[in-house]
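Student: What follows is a structure written as structure tokens; I'll ask about it next.
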Amino acid sequence: MNPSPGVAVITGAGSGIGREIARSLAGRGHRLALIGRRREPLEATLAAAGGRGAVFPADVREAAQLERIAAETEGALGPADVLVPAAGIAHVAPFLEQPAEDLRTSLEVNLVGAANLFRAYLPALLGRGIGTLLPILSVAARRGFSGWTSYCASKWGLLGLVEALREEIRGTGVRITLLTPGATASPLWDGVPGSWQRDAMIPVEELGRAVVWALEADPRVEVEEIRLQPAKGNL
Ligand SMILES: NC(=O)c1ccc[n+]([C@@H]2O[C@H](COP(=O)([O-])OP(=O)(O)OC[C@H]3O[C@@H](n4cnc5c(N)ncnc54)[C@H](OP(=O)(O)O)[C@@H]3O)[C@@H](O)[C@H]2O)c1
């Protein structure tokens, strides 16, 4: 039997996929620890999700901030059992036109930021032998898209990290489910040059449903990956 839900820790929880996953996990009975740089969107997410939990404004690039929040979460809300690193950015431009700094920032937020979250909370999960990590990959974790060099590099890197981590923690009771969506209708696209078929993208609600489904799996089962694509293919 599945144990009662603990604290779900979600970065990038102030908008898009992170916000929707927060709402879904609240509906499953989790208390929420919501992380992002801006307080107001996090508070809006917490209110929309029913208000059980707390917000922690922080930058996922700062490992020390996440370590501090991990200690605070445990004291204020109880033990965490779900980790969702949904904080992410997309700098989209041809490689030679993109400032070199954009690659560094993409790697720091999308890859190192996820690692920072895991490093802060994973020891406690392993100590209890329970929990699920739900990194948000992308169709761009395995396939190149013109103009998306920094983003693809960060997601391919994250894929390597979590697949290696999966082998390290296999059999501990802590599971990893990769979420691998294609284009999803979120505010991320507001900053991407070009015109995009928003109404053909994956609705964020599908990510929320997918996460709950993975968590409901029998503890003897690891849902290793959930891939979602727009029915029309890559947009
Ligand atoms: N939308 C898609 O088509 C799609 C497809 C596949 C995968 N994904 C992935 O899904 C995840 C969520 O993306 P989304 O589409 O929901 O984008 P979004 O709506 O732009 O949300 C991104 C969130 O990340 C937070 N964030 C950005 N930099 C941060 C930092 N340094 N520290 C802490 N928080 C930070 C932002 O809040 P603050 O600005 O307040 O910090 C924001 O709430 C990302 O990893 C993205 O790569 C998206």
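To be explicit about the labels: the chains of the structure tokens are called A, B, and onward in the order shown, and within each one the residues are counted from 1, while ligands get numbers from 1 in the order they are shown.
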Could you list, as a PyMOL selection string, all protein and nucleic acid residues with an atom at most 6 Å from ligand 1, counting only C-alpha atoms and all ligand atoms?
Tutor: chain A and resi 11-18+36-38+58-61+86-89+109-110+136-138+181-188
Student: Quick one: DSSP strand (DSSP E or B) residues in chain A, as a VMD selection string?
Tutor: chain A and resid 7 to 11 31 to 36 53 to 57 80 to 85 131 to 133 136 174 to 176 178 to 181 184 202 225 to 228
Student: Have a look at CA of Gly51 in chain A and CA of Ala33 in chain A and let me know their distance in Å, one decimal.
Tutor: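 Going from CA of Gly51 in chain A over to CA of Ala33 in chain A covers 10.6 Å.
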Student: Could you give me the residues within chain A that DSSP places in helix (DSSP H, G or I), as a compact mmCIF listing (two decimals) with C-alpha atoms, in the first residue's frame?
Tutor:
```txt
# COMPACT_ATOMS: atom_id res chain seq x y z
CA GLY A 16 3.47 26.87 -16.21
CA ILE A 17 4.31 23.23 -15.63
CA GLY A 18 5.58 23.69 -12.07
CA ARG A 19 2.40 25.49 -11.03
CA GLU A 20 0.17 22.83 -12.55
CA ILE A 21 2.10 19.96 -10.98
CA ALA A 22 1.82 21.75 -7.63
CA ARG A 23 -1.97 21.89 -8.01
CA SER A 24 -2.13 18.21 -8.91
CA LEU A 25 0.04 17.14 -6.02
CA ALA A 26 -1.98 19.24 -3.59
CA GLY A 27 -5.04 17.39 -4.89
CA ARG A 39 7.53 35.36 -4.12
CA GLU A 40 4.22 36.61 -5.58
CA PRO A 41 3.73 33.90 -8.25
CA LEU A 42 4.61 31.24 -5.68
CA GLU A 43 1.98 32.60 -3.30
CA ALA A 44 -0.56 32.61 -6.15
CA THR A 45 0.24 28.95 -6.83
CA LEU A 46 -0.09 28.04 -3.17
CA ALA A 47 -3.46 29.81 -2.96
CA ALA A 48 -4.69 28.12 -6.14
CA ALA A 63 23.07 25.39 -3.73
CA ALA A 64 23.38 26.91 -0.26
CA GLN A 65 19.90 28.45 -0.55
CA LEU A 66 18.39 25.06 -1.36
CA GLU A 67 20.25 23.40 1.52
CA ARG A 68 18.81 26.00 3.88
CA ILE A 69 15.30 25.54 2.48
CA ALA A 70 15.58 21.75 2.85
CA ALA A 71 16.26 22.18 6.56
CA GLU A 72 13.41 24.68 6.90
CA THR A 73 10.98 22.44 5.02
CA GLU A 74 11.61 19.49 7.26
CA GLY A 75 11.03 21.62 10.36
CA ALA A 76 7.99 23.54 9.13
CA PHE A 95 24.48 29.51 -31.89
CA LEU A 96 26.76 32.21 -33.30
CA GLU A 97 24.32 34.99 -32.42
CA ALA A 100 28.23 32.90 -24.59
CA GLU A 101 26.71 33.68 -21.21
CA ASP A 102 23.37 32.17 -22.31
CA LEU A 103 24.88 28.69 -22.47
CA ARG A 104 26.30 29.06 -18.99
CA THR A 105 23.00 30.31 -17.58
CA SER A 106 21.02 27.52 -19.25
CA LEU A 107 23.31 24.87 -17.81
CA GLU A 108 23.26 26.49 -14.37
CA VAL A 109 19.46 26.71 -14.15
CA ASN A 110 18.24 23.65 -16.09
CA LEU A 111 20.98 21.18 -15.16
CA VAL A 112 22.88 22.34 -12.07
CA GLY A 113 19.69 23.74 -10.53
CA ALA A 114 18.06 20.31 -10.66
CA ALA A 115 21.18 18.70 -9.20
CA ASN A 116 21.17 21.29 -6.41
CA LEU A 117 17.60 20.36 -5.49
CA PHE A 118 18.42 16.66 -5.41
CA ARG A 119 21.60 17.21 -3.38
CA ALA A 120 19.66 19.19 -0.78
CA TYR A 121 16.81 16.71 -0.25
CA LEU A 122 17.96 13.30 -1.44
CA PRO A 123 19.88 12.31 1.72
CA ALA A 124 16.65 12.49 3.74
CA LEU A 125 14.71 10.51 1.13
CA LEU A 126 17.39 7.83 1.07
CA GLY A 127 17.42 7.78 4.85
CA ARG A 128 13.73 6.90 4.86
CA VAL A 139 11.92 16.20 -26.34
CA ALA A 140 15.04 18.39 -26.65
CA ALA A 141 16.89 16.01 -24.30
CA THR A 149 21.74 24.70 -28.65
CA SER A 150 21.90 25.94 -25.05
CA TYR A 151 18.57 24.40 -24.14
CA CYS A 152 19.37 21.05 -25.77
CA ALA A 153 22.78 20.95 -24.08
CA SER A 154 21.17 21.54 -20.69
CA LYS A 155 18.49 18.88 -21.17
CA TRP A 156 20.83 16.25 -22.65
CA GLY A 157 23.09 16.92 -19.67
CA LEU A 158 20.23 16.52 -17.23
CA LEU A 159 19.22 13.28 -18.91
CA GLY A 160 22.74 11.91 -18.37
CA LEU A 161 22.77 13.02 -14.75
CA VAL A 162 19.46 11.44 -13.82
CA GLU A 163 20.07 8.18 -15.68
CA ALA A 164 23.38 7.77 -13.84
CA LEU A 165 21.75 8.75 -10.55
CA ARG A 166 19.05 6.16 -11.19
CA GLU A 167 21.71 3.43 -11.23
CA GLU A 168 23.31 4.79 -8.05
CA ILE A 169 20.08 4.71 -6.04
CA PRO A 187 4.56 31.11 -20.37
CA LEU A 188 7.99 29.79 -21.41
CA TRP A 189 6.95 30.38 -25.02
CA ASP A 190 6.35 34.11 -24.40
CA GLY A 191 10.10 34.65 -24.66
CA ARG A 198 -0.20 27.44 -28.76
CA ASP A 199 -3.57 25.74 -29.13
CA ALA A 200 -1.90 22.60 -30.52
CA VAL A 204 -0.13 21.80 -18.75
CA GLU A 205 -2.90 19.84 -17.02
CA GLU A 206 -1.64 16.69 -18.76
CA LEU A 207 1.68 17.00 -16.94
CA GLY A 208 -0.17 17.22 -13.65
CA ARG A 209 -2.15 14.08 -14.46
CA ALA A 210 0.98 12.23 -15.54
CA VAL A 211 2.79 12.97 -12.29
CA VAL A 212 -0.07 11.68 -10.16
CA TRP A 213 -0.32 8.52 -12.28
CA ALA A 214 3.41 7.81 -11.83
CA LEU A 215 3.19 8.30 -8.07
```
Student: Would you mind telling me which residue in A:Thr132, A:Gln98, A:Val92, A:Glu224 lies nearest to Leu179 in chain A when using only C-alpha atoms?
Tutor: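 For Leu179 in chain A, the nearest of the given residues is A:Glu224.
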Student: Which residue out of A:Pro85, A:Gly78, A:Pro5, A:Gly131 has the minimum interatomic distance to Leu34 in chain A when only C-alpha atoms are used?
Tutor: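 For Leu34 in chain A, the nearest of the given residues is A:Pro85.
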Student: Give the answer as one residue: which of A:Met201, A:Ala93, A:Leu32, A:Ala217 has the shortest atom-to-atom distance to Gly53 in chain A, using only C-alpha atoms?
Tutor: A:Leu32
Student: Show me, as a VMD selection string, the residues that have an atom within 8 Å of Arg31 in chain A when counting only C-alpha atoms, minus same-chain residues fewer than 6 positions from it.
Tutor: chain A and resid 5 to 8 52 to 53 77
Student: Taking only C-alpha atoms into account, name the residue in A:Ile35, A:Gly171, A:Ala80, A:Ile176 that is nearest to Glu225 in chain A.
Tutor: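 With only C-alpha atoms as the atom set, the closest residue is A:Ile176.
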Student: Quick one, how far is CA of Arg28 in chain A from CA of Pro79 in chain A?
Tutor: 16.0 Å
